[in-house]
$ cat data17.txt   # compact mmCIF, C-alpha atoms
# COMPACT_ATOMS: atom_id res chain seq x y z
CA MET A 1 0.00 0.00 0.00
CA ILE A 2 1.36 3.42 -0.99
CA LEU A 3 1.06 5.97 1.78
CA ARG A 4 -0.38 9.30 0.66
CA PRO A 5 0.74 12.62 2.17
CA TRP A 6 -1.51 15.10 3.89
CA VAL A 7 -1.90 18.42 2.10
CA ILE A 8 -1.66 21.63 4.13
CA VAL A 9 -3.29 24.59 2.39
CA LEU A 10 -1.74 27.80 3.74
CA ALA A 11 -4.48 30.43 3.62
CA ALA A 12 -3.83 32.70 6.59
CA GLY A 13 -2.42 35.89 5.05
CA GLY A 14 -3.93 39.32 5.45
CA SER A 15 -4.05 40.16 1.70
CA ARG A 16 -2.56 43.59 2.44
CA ARG A 17 -1.30 44.15 -1.12
CA PHE A 18 -4.55 42.90 -2.61
CA GLY A 19 -6.57 45.48 -0.69
CA GLY A 20 -9.35 43.12 0.39
CA PRO A 21 -10.15 39.48 1.16
CA LYS A 22 -8.09 37.92 -1.61
CA LEU A 23 -9.23 34.36 -0.93
CA LEU A 24 -12.82 35.33 -1.79
CA ALA A 25 -11.79 36.71 -5.19
CA ARG A 26 -13.03 34.52 -8.02
CA ILE A 27 -11.47 32.89 -11.02
CA ARG A 28 -13.62 30.73 -13.30
CA GLY A 29 -16.52 30.91 -10.89
CA GLU A 30 -14.60 29.74 -7.82
CA THR A 31 -13.02 31.63 -4.98
CA LEU A 32 -9.27 31.23 -4.62
CA LEU A 33 -9.90 29.39 -1.36
CA GLN A 34 -12.29 26.91 -2.97
CA ARG A 35 -9.94 26.40 -5.87
CA ALA A 36 -6.99 25.60 -3.61
CA VAL A 37 -8.99 23.15 -1.52
CA ARG A 38 -10.36 21.45 -4.62
CA ALA A 39 -6.83 21.10 -6.00
CA ALA A 40 -5.64 19.63 -2.70
CA LEU A 41 -8.46 17.10 -2.47
CA GLY A 42 -8.15 16.25 -6.16
CA ALA A 43 -4.64 14.93 -5.51
CA ARG A 44 -6.19 12.18 -3.36
CA PRO A 45 -4.24 12.93 -0.18
CA ALA A 46 -4.59 11.02 3.07
CA GLY A 47 -6.25 14.19 4.35
CA CYS A 48 -6.23 17.96 4.08
CA VAL A 49 -5.63 20.70 6.64
CA VAL A 50 -6.55 24.29 5.78
CA VAL A 51 -4.78 26.93 7.87
CA LEU A 52 -6.73 30.19 8.07
CA GLY A 53 -5.75 33.41 9.82
CA ALA A 54 -7.04 36.81 8.75
CA ARG A 55 -10.85 36.67 8.57
CA GLY A 56 -10.49 33.09 9.76
CA ASP A 57 -13.90 32.70 11.32
CA MET A 58 -15.65 34.03 8.22
CA LEU A 59 -13.62 31.84 5.87
CA ARG A 60 -14.15 28.77 8.05
CA ARG A 61 -17.87 29.00 7.30
CA ARG A 62 -17.07 28.81 3.56
CA LEU A 63 -15.49 25.40 4.11
CA HIS A 64 -18.20 23.68 6.15
CA ALA A 65 -19.14 21.36 3.26
CA TRP A 66 -15.58 20.31 2.45
CA PRO A 67 -13.92 17.23 4.03
CA VAL A 68 -11.00 19.16 5.53
CA ARG A 69 -9.59 19.98 8.94
CA VAL A 70 -9.69 23.73 9.49
CA VAL A 71 -7.20 25.44 11.81
CA VAL A 72 -7.37 29.16 12.57
CA ASN A 73 -3.89 30.52 13.23
CA ARG A 74 -4.36 33.42 15.62
CA HIS A 75 -0.67 34.33 15.21
CA TRP A 76 -0.77 34.73 11.43
CA ARG A 77 0.64 38.26 11.61
CA SER A 78 3.99 36.85 12.78
CA GLY A 79 4.58 35.34 9.34
CA LEU A 80 4.12 32.29 7.16
CA ALA A 81 6.15 30.06 9.47
CA SER A 82 3.45 30.30 12.15
CA SER A 83 0.92 28.85 9.70
CA ILE A 84 3.27 26.03 8.75
CA ARG A 85 3.68 25.21 12.43
CA ALA A 86 -0.09 25.26 12.94
CA GLY A 87 -0.63 22.99 9.96
CA ILE A 88 1.97 20.45 11.06
CA ALA A 89 0.57 20.44 14.60
CA ALA A 90 -2.88 19.58 13.21
CA LEU A 91 -1.69 16.45 11.39
CA PRO A 92 -2.48 13.03 12.84
CA ARG A 93 0.36 11.13 14.44
CA GLU A 94 0.51 8.65 11.57
CA ALA A 95 0.83 11.25 8.77
CA PRO A 96 3.80 10.12 6.64
CA ALA A 97 4.43 13.44 4.87
CA ALA A 98 3.06 16.95 4.42
CA LEU A 99 2.58 18.72 1.10
CA LEU A 100 2.50 22.50 1.55
CA LEU A 101 0.40 24.51 -0.89
CA LEU A 102 -0.19 28.27 -0.94
CA ALA A 103 -3.89 29.07 -1.33
CA ASP A 104 -3.21 31.69 -4.00
CA GLN A 105 -1.18 29.43 -6.33
CA VAL A 106 -3.96 29.27 -8.89
CA GLY A 107 -1.65 27.76 -11.50
CA VAL A 108 -1.44 24.57 -9.43
CA GLY A 109 -4.11 21.92 -9.81
CA PRO A 110 -4.40 18.25 -8.85
CA ALA A 111 -2.14 17.14 -11.72
CA GLU A 112 0.70 19.38 -10.53
CA LEU A 113 0.36 18.11 -6.97
CA GLU A 114 0.41 14.54 -8.26
CA LEU A 115 3.75 15.29 -9.95
CA VAL A 116 5.18 16.38 -6.60
CA ILE A 117 3.80 13.26 -4.89
CA ALA A 118 5.22 11.02 -7.62
CA ALA A 119 8.66 12.61 -7.22
CA SER A 120 8.48 11.95 -3.48
CA ARG A 121 7.59 8.33 -4.11
CA ARG A 122 10.84 7.97 -6.07
CA ALA A 123 12.85 9.62 -3.26
CA PRO A 124 10.82 9.06 -0.07
CA ARG A 125 13.45 10.43 2.34
CA ALA A 126 13.97 13.67 0.41
CA ILE A 127 12.15 16.97 0.44
CA VAL A 128 10.51 17.69 -2.91
CA ALA A 129 10.15 21.35 -3.87
CA SER A 130 8.89 23.16 -6.95
CA ARG A 131 10.94 25.54 -9.06
CA TRP A 132 9.61 28.33 -11.21
CA GLY A 133 12.16 30.67 -12.70
CA ALA A 134 14.78 31.37 -10.07
CA VAL A 135 12.44 30.54 -7.18
CA THR A 136 12.29 27.25 -5.29
CA GLY A 137 9.34 26.77 -2.98
CA PRO A 138 5.83 25.37 -2.68
CA PRO A 139 4.15 23.17 -3.53
CA ALA A 140 6.73 21.36 -1.43
CA LEU A 141 6.50 17.95 0.18
CA PHE A 142 8.25 17.18 3.46
CA PRO A 143 8.61 13.64 4.83
CA ARG A 144 7.74 13.08 8.46
CA ARG A 145 11.41 13.21 9.49
CA GLU A 146 11.32 16.96 8.72
CA PHE A 147 8.27 17.76 10.88
CA ALA A 148 10.28 18.67 13.99
CA ASP A 149 12.28 21.25 12.04
CA LEU A 150 9.15 22.61 10.36
CA LYS A 151 7.75 23.24 13.84
CA ARG A 152 10.85 25.29 14.69
CA LEU A 153 10.47 27.71 11.77
CA ARG A 154 9.99 31.39 12.52
CA GLY A 155 9.32 34.51 10.45
CA ASP A 156 7.85 35.11 7.02
CA SER A 157 10.21 33.14 4.78
CA GLY A 158 8.25 29.92 5.13
CA ALA A 159 10.35 26.78 4.82
CA ARG A 160 13.05 28.40 2.68
CA ARG A 161 15.71 27.69 5.30
CA LEU A 162 15.09 23.96 4.97
CA LEU A 163 14.94 24.04 1.18
CA THR A 164 18.35 25.72 0.96
CA ASP A 165 20.07 23.68 3.69
CA PRO A 166 22.99 21.84 2.01
CA ARG A 167 22.74 19.07 4.62
CA ARG A 168 19.31 18.08 3.35
CA ARG A 169 18.47 16.22 0.19
CA VAL A 170 16.08 18.36 -1.80
CA VAL A 171 14.63 17.12 -5.08
CA VAL A 172 13.62 20.07 -7.25
CA LEU A 173 10.78 19.70 -9.73
CA GLU A 174 10.30 22.21 -12.53
CA LEU A 175 6.73 23.41 -12.08
CA PRO A 176 6.14 26.68 -13.98
CA GLY A 177 2.49 26.82 -12.92
CA ALA A 178 3.55 27.41 -9.33
CA ALA A 179 4.52 30.95 -10.36
CA GLY A 180 0.87 31.90 -10.81
CA ASP A 181 0.24 33.31 -7.36
CA VAL A 182 -1.97 36.31 -6.61
CA ASP A 183 -0.69 39.29 -4.63
CA ARG A 184 -2.52 42.20 -6.29
CA PRO A 185 -5.76 42.58 -8.28
CA ALA A 186 -3.67 42.96 -11.45
CA ASP A 187 -2.25 39.47 -10.90
CA LEU A 188 -5.75 38.03 -10.86
CA ARG A 189 -6.75 39.90 -14.00
CA ARG A 190 -3.65 38.61 -15.78
CA LEU A 191 -4.22 35.02 -14.68
CA ARG A 192 -7.82 35.11 -15.88
CA THR A 193 -6.50 35.54 -19.43
CA LEU A 194 -4.01 32.66 -19.18
CA HIS A 195 -4.50 28.91 -19.11
CA VAL A 196 -4.77 27.71 -15.54
CA PRO A 197 -5.66 24.18 -14.42
CA SER A 198 -9.40 23.57 -14.32

$ encode --input "data17.txt" --output "structure tokens"
Amino acid sequence: MILRPWVIVLAAGGSRRFGGPKLLARIRGETLLQRAVRAALGARPAGCVVVLGARGDMLRRRLHAWPVRVVVNRHWRSGLASSIRAGIAALPREAPAALLLLADQVGVGPAELELVIAASRRAPRAIVASRWGAVTGPPALFPRREFADLKRLRGDSGARRLLTDPRRRVVVLELPGAAGDVDRPADLRRLRTLHVPS
């Protein structure tokens, strides 16, 4: 039996540059939050944790029909690392791996997540990260042996410290669609004109 990872959807940011609740913005009839959760579940994970923060109680109500564990990170202002810690803490004891996905990576669908999972299956003790351009980051899959260090992360650089640690084996997967994140309304308008996973 092949063990499937849990997906952690990181959706806690304050959308300061967007100027409003970014995760409720729509693309192809779905909110960014719905789209990210659908992508996560479409990859057939062992389970899915959604980490909310800003407007967490309101967004939680939008997820009541989805088979996910929702965590509201009350410390989201301290940076992305706090949401990673919250997501890892919410995993069951038997979770073999965690696949981190940013909720605004609209260029990532189930097929892209399956590529990351397949790469991890070929190198189960390695971290698998995505590369787009000069950036290496999420979606990124961390085996259970990395959970303790994920819980020690601090600040707003996410898991970058682990991805660039020369002592760790990191498998890098070219995934251009991971570049399609949304920070400003102009990003969303641009992405609406491009091909994004359905």

$ closest_atom_pairs --input "data17.txt" --of "segment 80-194 of chain A" --to "segment 70-73 of chain A" --cutoff "12 Å" --atoms "all atoms listed in the file" --output "CSV"
residue,atom,partner,partner_atom,distance
A:Leu80,CA,A:Asn73,CA,10.2
A:Ala81,CA,A:Asn73,CA,10.7
A:Ser82,CA,A:Asn73,CA,7.4
A:Ser83,CA,A:Asn73,CA,6.2
A:Ile84,CA,A:Asn73,CA,9.6
A:Arg85,CA,A:Asn73,CA,9.3
A:Ala86,CA,A:Asn73,CA,6.5
A:Gly87,CA,A:Val71,CA,7.3
A:Ile88,CA,A:Val71,CA,10.5
A:Ala89,CA,A:Val71,CA,9.7
A:Ala90,CA,A:Val71,CA,7.4
A:Leu91,CA,A:Val71,CA,10.6

$ closest_residue --input "data17.txt" --among "A:Asp149, A:Ser157, A:Leu163, A:Ser130" --to "Ala179 of chain A" --atoms "only C-alpha atoms"
A:Ser130

$ atom_distance --input "data17.txt" --atom1 "atom CA of Trp132 of chain A" --atom2 "atom CA of Leu173 of chain A"
8.8 Å

$ residues_around --input "data17.txt" --residues "segment 44-53 of chain A" --least-positions-apart "2" --cutoff "10 Å" --atoms "only C-alpha atoms" --output "ChimeraX atom specification"
/A:3-14,33,36-37,39-42,55-60,63,66-77,82-88,90-92,95-101,103,110,113-114,117

$ atom_distance --input "data17.txt" --atom1 "atom CA of Leu24 of chain A" --atom2 "atom CA of Gln105 of chain A"
13.8 Å

$ closest_residue --input "data17.txt" --among "A:Gly133, A:Phe142, A:Ile127, A:Asp156" --to "Arg168 of chain A" --atoms "all atoms listed in the file"
A:Ile127

$ atom_distance --input "data17.txt" --atom1 "atom CA of Gly177 of chain A" --atom2 "atom CA of Ala159 of chain A"
19.4 Å

$ closest_residue --input "data17.txt" --among "A:Arg61, A:Asp104, A:Ala54, A:Leu162" --to "Ile27 of chain A" --atoms "only C-alpha atoms"
A:Asp104

$ axis_aligned_box --input "data17.txt" --around "segment 30-47 of chain A" --padding-each-side "8 Å" --output "AutoDock Vina command-line options"
--center_x -9.4 --center_y 21.3 --center_z -1.7 --size_x 26.4 --size_y 36.6 --size_z 28.2
